>>> print(open('upload-v4.pdb').read())   # PDB, C-alpha atoms, pLDDT in the B column
ATOM      1  CA  MET T  74      -9.080   7.538  -2.367  1.00 55.00           C
ATOM      2  CA  PRO T  75      -8.899   9.808   0.679  1.00 60.00           C
ATOM      3  CA  PHE T  76      -5.642  11.719   0.904  1.00 62.00           C
ATOM      4  CA  GLU T  77      -3.952  13.091   3.984  1.00 65.00           C
ATOM      5  CA  SER T  78      -5.804  10.600   6.170  1.00 86.00           C
ATOM      6  CA  SER T  79      -3.437   8.201   7.925  1.00 93.00           C
ATOM      7  CA  PHE T  80      -4.028   4.475   8.212  1.00 94.00           C
ATOM      8  CA  GLU T  81      -2.163   1.521   9.682  1.00 95.00           C
ATOM      9  CA  VAL T  82      -1.087  -1.562   7.732  1.00 95.00           C
ATOM     10  CA  GLU T  83       0.985  -4.587   8.560  1.00 95.00           C
ATOM     11  CA  TYR T  84       3.840  -5.485   6.222  1.00 95.00           C
ATOM     12  CA  PHE T  85       5.754  -8.754   6.135  1.00 94.00           C
ATOM     13  CA  PHE T  86       9.533  -8.690   5.759  1.00 93.00           C
ATOM     14  CA  GLU T  87      12.129 -11.327   6.616  1.00 90.00           C
ATOM     15  CA  GLY T  88       9.459 -13.593   8.073  1.00 90.00           C
ATOM     16  CA  GLN T  89       7.996 -11.040  10.469  1.00 91.00           C
ATOM     17  CA  GLY T  90       4.873  -8.923  10.390  1.00 92.00           C
ATOM     18  CA  ASN T  91       5.277  -5.331  11.515  1.00 93.00           C
ATOM     19  CA  PRO T  92       2.883  -2.368  11.703  1.00 95.00           C
ATOM     20  CA  VAL T  93       3.457   0.963   9.960  1.00 96.00           C
ATOM     21  CA  ILE T  94       1.456   4.165   9.839  1.00 96.00           C
ATOM     22  CA  VAL T  95       0.908   5.391   6.269  1.00 96.00           C
ATOM     23  CA  LYS T  96      -0.082   8.939   5.349  1.00 95.00           C
ATOM     24  CA  PRO T  97      -0.759   9.508   1.642  1.00 94.00           C
ATOM     25  CA  ILE T  98      -0.179  13.023   0.367  1.00 93.00           C
ATOM     26  CA  LEU T  99      -1.112  14.238  -3.109  1.00 91.00           C
ATOM     27  CA  ILE T 100       1.371  16.696  -4.606  1.00 89.00           C
ATOM     28  CA  ASN T 101       0.328  17.822  -8.093  1.00 89.00           C
ATOM     29  CA  THR T 102      -0.258  14.438  -9.781  1.00 88.00           C
ATOM     30  CA  VAL T 103       2.004  12.333  -7.552  1.00 89.00           C
ATOM     31  CA  VAL T 104       0.968  10.473  -4.427  1.00 91.00           C
ATOM     32  CA  ILE T 105       3.709  10.259  -1.816  1.00 93.00           C
ATOM     33  CA  PHE T 106       3.231   7.807   1.027  1.00 95.00           C
ATOM     34  CA  LEU T 107       4.866   8.962   4.264  1.00 96.00           C
ATOM     35  CA  ILE T 108       5.760   5.896   6.343  1.00 96.00           C
ATOM     36  CA  HIS T 109       6.191   5.990  10.113  1.00 96.00           C
ATOM     37  CA  PHE T 110       7.333   2.991  12.151  1.00 94.00           C
ATOM     38  CA  PRO T 111       5.523   3.132  15.521  1.00 91.00           C
ATOM     39  CA  GLU T 112       8.029   0.771  17.134  1.00 83.00           C
ATOM     40  CA  GLY T 113      10.851   3.157  16.228  1.00 78.00           C
ATOM     41  CA  GLY T 114      13.331   0.571  14.933  1.00 79.00           C
ATOM     42  CA  VAL T 115      13.538   2.048  11.438  1.00 84.00           C
ATOM     43  CA  ASP T 116      13.764   5.645  10.200  1.00 89.00           C
ATOM     44  CA  SER T 117      10.663   7.098   8.572  1.00 93.00           C
ATOM     45  CA  MET T 118      10.535   7.037   4.793  1.00 95.00           C
ATOM     46  CA  ALA T 119       8.617   8.470   1.850  1.00 96.00           C
ATOM     47  CA  LEU T 120       7.543   6.060  -0.882  1.00 96.00           C
ATOM     48  CA  VAL T 121       6.238   6.509  -4.413  1.00 95.00           C
ATOM     49  CA  TYR T 122       5.172   4.039  -7.079  1.00 90.00           C
ATOM     50  CA  ASN T 123       7.508   4.920  -9.933  1.00 85.00           C
ATOM     51  CA  LYS T 124       7.389   4.675 -13.730  1.00 84.00           C
ATOM     52  CA  ARG T 125       9.152   1.292 -13.619  1.00 83.00           C
ATOM     53  CA  ASP T 126       6.133  -0.129 -11.752  1.00 86.00           C
ATOM     54  CA  ALA T 127       8.120  -0.507  -8.550  1.00 90.00           C
ATOM     55  CA  TRP T 128       8.019   1.073  -5.102  1.00 93.00           C
ATOM     56  CA  SER T 129      10.883   3.412  -4.324  1.00 94.00           C
ATOM     57  CA  ASP T 130      12.010   5.557  -1.438  1.00 94.00           C
ATOM     58  CA  ILE T 131      12.377   9.161  -2.579  1.00 93.00           C
ATOM     59  CA  GLU T 132      15.202   9.921  -0.136  1.00 91.00           C
ATOM     60  CA  LYS T 133      17.226   6.707   0.132  1.00 89.00           C
ATOM     61  CA  GLU T 134      18.070   3.610  -1.846  1.00 87.00           C
ATOM     62  CA  SER T 135      15.110   1.270  -2.183  1.00 88.00           C
ATOM     63  CA  THR T 136      15.340  -2.147  -0.574  1.00 90.00           C
ATOM     64  CA  GLY T 137      13.283  -5.270   0.014  1.00 93.00           C
ATOM     65  CA  LEU T 138      11.724  -3.391   2.917  1.00 93.00           C
ATOM     66  CA  THR T 139      10.496  -0.718   0.491  1.00 94.00           C
ATOM     67  CA  GLU T 140       8.823  -3.365  -1.674  1.00 94.00           C
ATOM     68  CA  ALA T 141       7.303  -5.135   1.348  1.00 96.00           C
ATOM     69  CA  ILE T 142       5.688  -1.927   2.595  1.00 96.00           C
ATOM     70  CA  GLY T 143       4.555  -1.009  -0.922  1.00 96.00           C
ATOM     71  CA  THR T 144       2.896  -4.406  -1.292  1.00 95.00           C
ATOM     72  CA  ALA T 145       1.080  -3.873   2.028  1.00 96.00           C
ATOM     73  CA  ILE T 146      -0.177  -0.482   0.782  1.00 95.00           C
ATOM     74  CA  GLU T 147      -1.409  -2.046  -2.471  1.00 93.00           C
ATOM     75  CA  THR T 148      -3.209  -4.789  -0.545  1.00 93.00           C
ATOM     76  CA  TYR T 149      -4.828  -2.224   1.746  1.00 92.00           C
ATOM     77  CA  TYR T 150      -6.227  -0.209  -1.157  1.00 88.00           C
ATOM     78  CA  SER T 151      -7.229  -3.311  -3.139  1.00 88.00           C
ATOM     79  CA  ASN T 152      -9.185  -4.755  -0.245  1.00 86.00           C
ATOM     80  CA  ARG T 153     -10.805  -1.434   0.504  1.00 82.00           C
ATOM     81  CA  TYR T 154     -11.680  -0.099  -2.947  1.00 78.00           C
ATOM     82  CA  LEU T 155     -11.863  -3.065  -5.342  1.00 77.00           C
ATOM     83  CA  PRO T 156     -14.960  -5.113  -4.539  1.00 68.00           C
ATOM     84  CA  TRP T 157     -13.772  -8.225  -6.366  1.00 67.00           C
ATOM     85  CA  SER T 158     -10.554  -8.442  -4.336  1.00 54.00           C
ATOM     86  CA  ASN T 159     -12.338  -9.455  -1.133  1.00 55.00           C
ATOM     87  CA  THR T 160     -11.717 -12.843   0.427  1.00 51.00           C
ATOM     88  CA  SER T 161     -15.355 -13.990   0.399  1.00 47.00           C
ATOM     89  CA  LYS T 162     -15.997 -17.516  -0.789  1.00 43.00           C
ATOM     90  CA  GLU T 163     -17.367 -17.728  -4.302  1.00 45.00           C
ATOM     91  CA  GLY T 164     -21.129 -17.700  -4.357  1.00 42.00           C
ATOM     92  CA  SER T 165     -21.493 -15.929  -1.024  1.00 39.00           C
ATOM     93  CA  ALA T 166     -22.959 -12.481  -0.619  1.00 42.00           C
ATOM     94  CA  GLY T 167     -20.419  -9.884  -1.668  1.00 42.00           C
ATOM     95  CA  SER T 168     -18.373 -12.146  -3.930  1.00 41.00           C
ATOM     96  CA  PHE T 169     -17.915 -11.315  -7.595  1.00 41.00           C
ATOM     97  CA  PRO T 170     -17.325 -14.537  -9.560  1.00 42.00           C
ATOM     98  CA  ASP T 171     -17.622 -12.649 -12.872  1.00 40.00           C
ATOM     99  CA  ASN T 172     -15.017 -10.004 -12.103  1.00 38.00           C
ATOM    100  CA  HIS T 173     -13.390 -10.594 -15.493  1.00 38.00           C
ATOM    101  CA  LEU T 174     -16.414  -8.789 -16.964  1.00 37.00           C
ATOM    102  CA  LEU T 175     -15.287  -5.603 -15.232  1.00 38.00           C
ATOM    103  CA  ASN T 176     -11.949  -5.503 -17.057  1.00 35.00           C
TER     104      ASN T 176
END
>>> encode(input="upload-v4.pdb", output="structure tokens")
Amino acid sequence: MPFESSFEVEYFFEGQGNPVIVKPILINTVVIFLIHFPEGGVDSMALVYNKRDAWSDIEKESTGLTEAIGTAIETYYSNRYLPWSNTSKEGSAGSFPDNHLLN
């Protein structure tokens, strides 16, 4: 997982898709995701995945928006780094029908 390299994801909240710029930063053993909204409608935030297995904002109260962005981050990393999470049709090149064997 490359740290301190920004990427853009689209999150879905209240029926709308919106882009955000995400910059992961590793501090000791914690990854903090700095979130910037390019359209400027929402203040920037810093997210972490906490011990309760939920996304939380480290500076403000967490909301549905926090979870929506966290889900978009998870999807980004899953699609990029977990080969069996791709959307290829079963049986096509690149699909992994026996992914349960990897668990």
>>> resolve_selection(input="upload-v4.pdb", expression="the PyMOL selection byres ((chain T and resi 129-132) around 12)", output="PDB file with C-alpha atoms, keeping the file's coordinate frame")
ATOM      1  CA  VAL T 103       2.004  12.333  -7.552  1.00 89.00           C
ATOM      2  CA  VAL T 104       0.968  10.473  -4.427  1.00 91.00           C
ATOM      3  CA  ILE T 105       3.709  10.259  -1.816  1.00 93.00           C
ATOM      4  CA  PHE T 106       3.231   7.807   1.027  1.00 95.00           C
ATOM      5  CA  LEU T 107       4.866   8.962   4.264  1.00 96.00           C
ATOM      6  CA  ILE T 108       5.760   5.896   6.343  1.00 96.00           C
ATOM      7  CA  ASP T 116      13.764   5.645  10.200  1.00 89.00           C
ATOM      8  CA  SER T 117      10.663   7.098   8.572  1.00 93.00           C
ATOM      9  CA  MET T 118      10.535   7.037   4.793  1.00 95.00           C
ATOM     10  CA  ALA T 119       8.617   8.470   1.850  1.00 96.00           C
ATOM     11  CA  LEU T 120       7.543   6.060  -0.882  1.00 96.00           C
ATOM     12  CA  VAL T 121       6.238   6.509  -4.413  1.00 95.00           C
ATOM     13  CA  TYR T 122       5.172   4.039  -7.079  1.00 90.00           C
ATOM     14  CA  ASN T 123       7.508   4.920  -9.933  1.00 85.00           C
ATOM     15  CA  LYS T 124       7.389   4.675 -13.730  1.00 84.00           C
ATOM     16  CA  ARG T 125       9.152   1.292 -13.619  1.00 83.00           C
ATOM     17  CA  ASP T 126       6.133  -0.129 -11.752  1.00 86.00           C
ATOM     18  CA  ALA T 127       8.120  -0.507  -8.550  1.00 90.00           C
ATOM     19  CA  TRP T 128       8.019   1.073  -5.102  1.00 93.00           C
ATOM     20  CA  LYS T 133      17.226   6.707   0.132  1.00 89.00           C
ATOM     21  CA  GLU T 134      18.070   3.610  -1.846  1.00 87.00           C
ATOM     22  CA  SER T 135      15.110   1.270  -2.183  1.00 88.00           C
ATOM     23  CA  THR T 136      15.340  -2.147  -0.574  1.00 90.00           C
ATOM     24  CA  GLY T 137      13.283  -5.270   0.014  1.00 93.00           C
ATOM     25  CA  LEU T 138      11.724  -3.391   2.917  1.00 93.00           C
ATOM     26  CA  THR T 139      10.496  -0.718   0.491  1.00 94.00           C
ATOM     27  CA  GLU T 140       8.823  -3.365  -1.674  1.00 94.00           C
ATOM     28  CA  ALA T 141       7.303  -5.135   1.348  1.00 96.00           C
ATOM     29  CA  ILE T 142       5.688  -1.927   2.595  1.00 96.00           C
ATOM     30  CA  GLY T 143       4.555  -1.009  -0.922  1.00 96.00           C
ATOM     31  CA  THR T 144       2.896  -4.406  -1.292  1.00 95.00           C
TER      32      THR T 144
END
>>> atom_distance(input="upload-v4.pdb", atom1="atom CA of Ala145 of chain T", atom2="atom CA of Pro92 of chain T")
10.0 Å
>>> residues_around(input="upload-v4.pdb", residues="Pro111 of chain T", least_positions_apart="6", cutoff="12 Å", atoms="only C-alpha atoms", output="PDB file with C-alpha atoms, keeping the file's coordinate frame")
ATOM      1  CA  GLU T  81      -2.163   1.521   9.682  1.00 95.00           C
ATOM      2  CA  VAL T  82      -1.087  -1.562   7.732  1.00 95.00           C
ATOM      3  CA  GLU T  83       0.985  -4.587   8.560  1.00 95.00           C
ATOM      4  CA  ASN T  91       5.277  -5.331  11.515  1.00 93.00           C
ATOM      5  CA  PRO T  92       2.883  -2.368  11.703  1.00 95.00           C
ATOM      6  CA  VAL T  93       3.457   0.963   9.960  1.00 96.00           C
ATOM      7  CA  ILE T  94       1.456   4.165   9.839  1.00 96.00           C
ATOM      8  CA  VAL T  95       0.908   5.391   6.269  1.00 96.00           C
ATOM      9  CA  SER T 117      10.663   7.098   8.572  1.00 93.00           C
TER      10      SER T 117
END
>>> atom_distance(input="upload-v4.pdb", atom1="atom CA of Phe110 of chain T", atom2="atom CA of Gln89 of chain T")
14.1 Å
>>> atom_distance(input="upload-v4.pdb", atom1="atom CA of Ile146 of chain T", atom2="atom CA of Glu87 of chain T")
17.4 Å
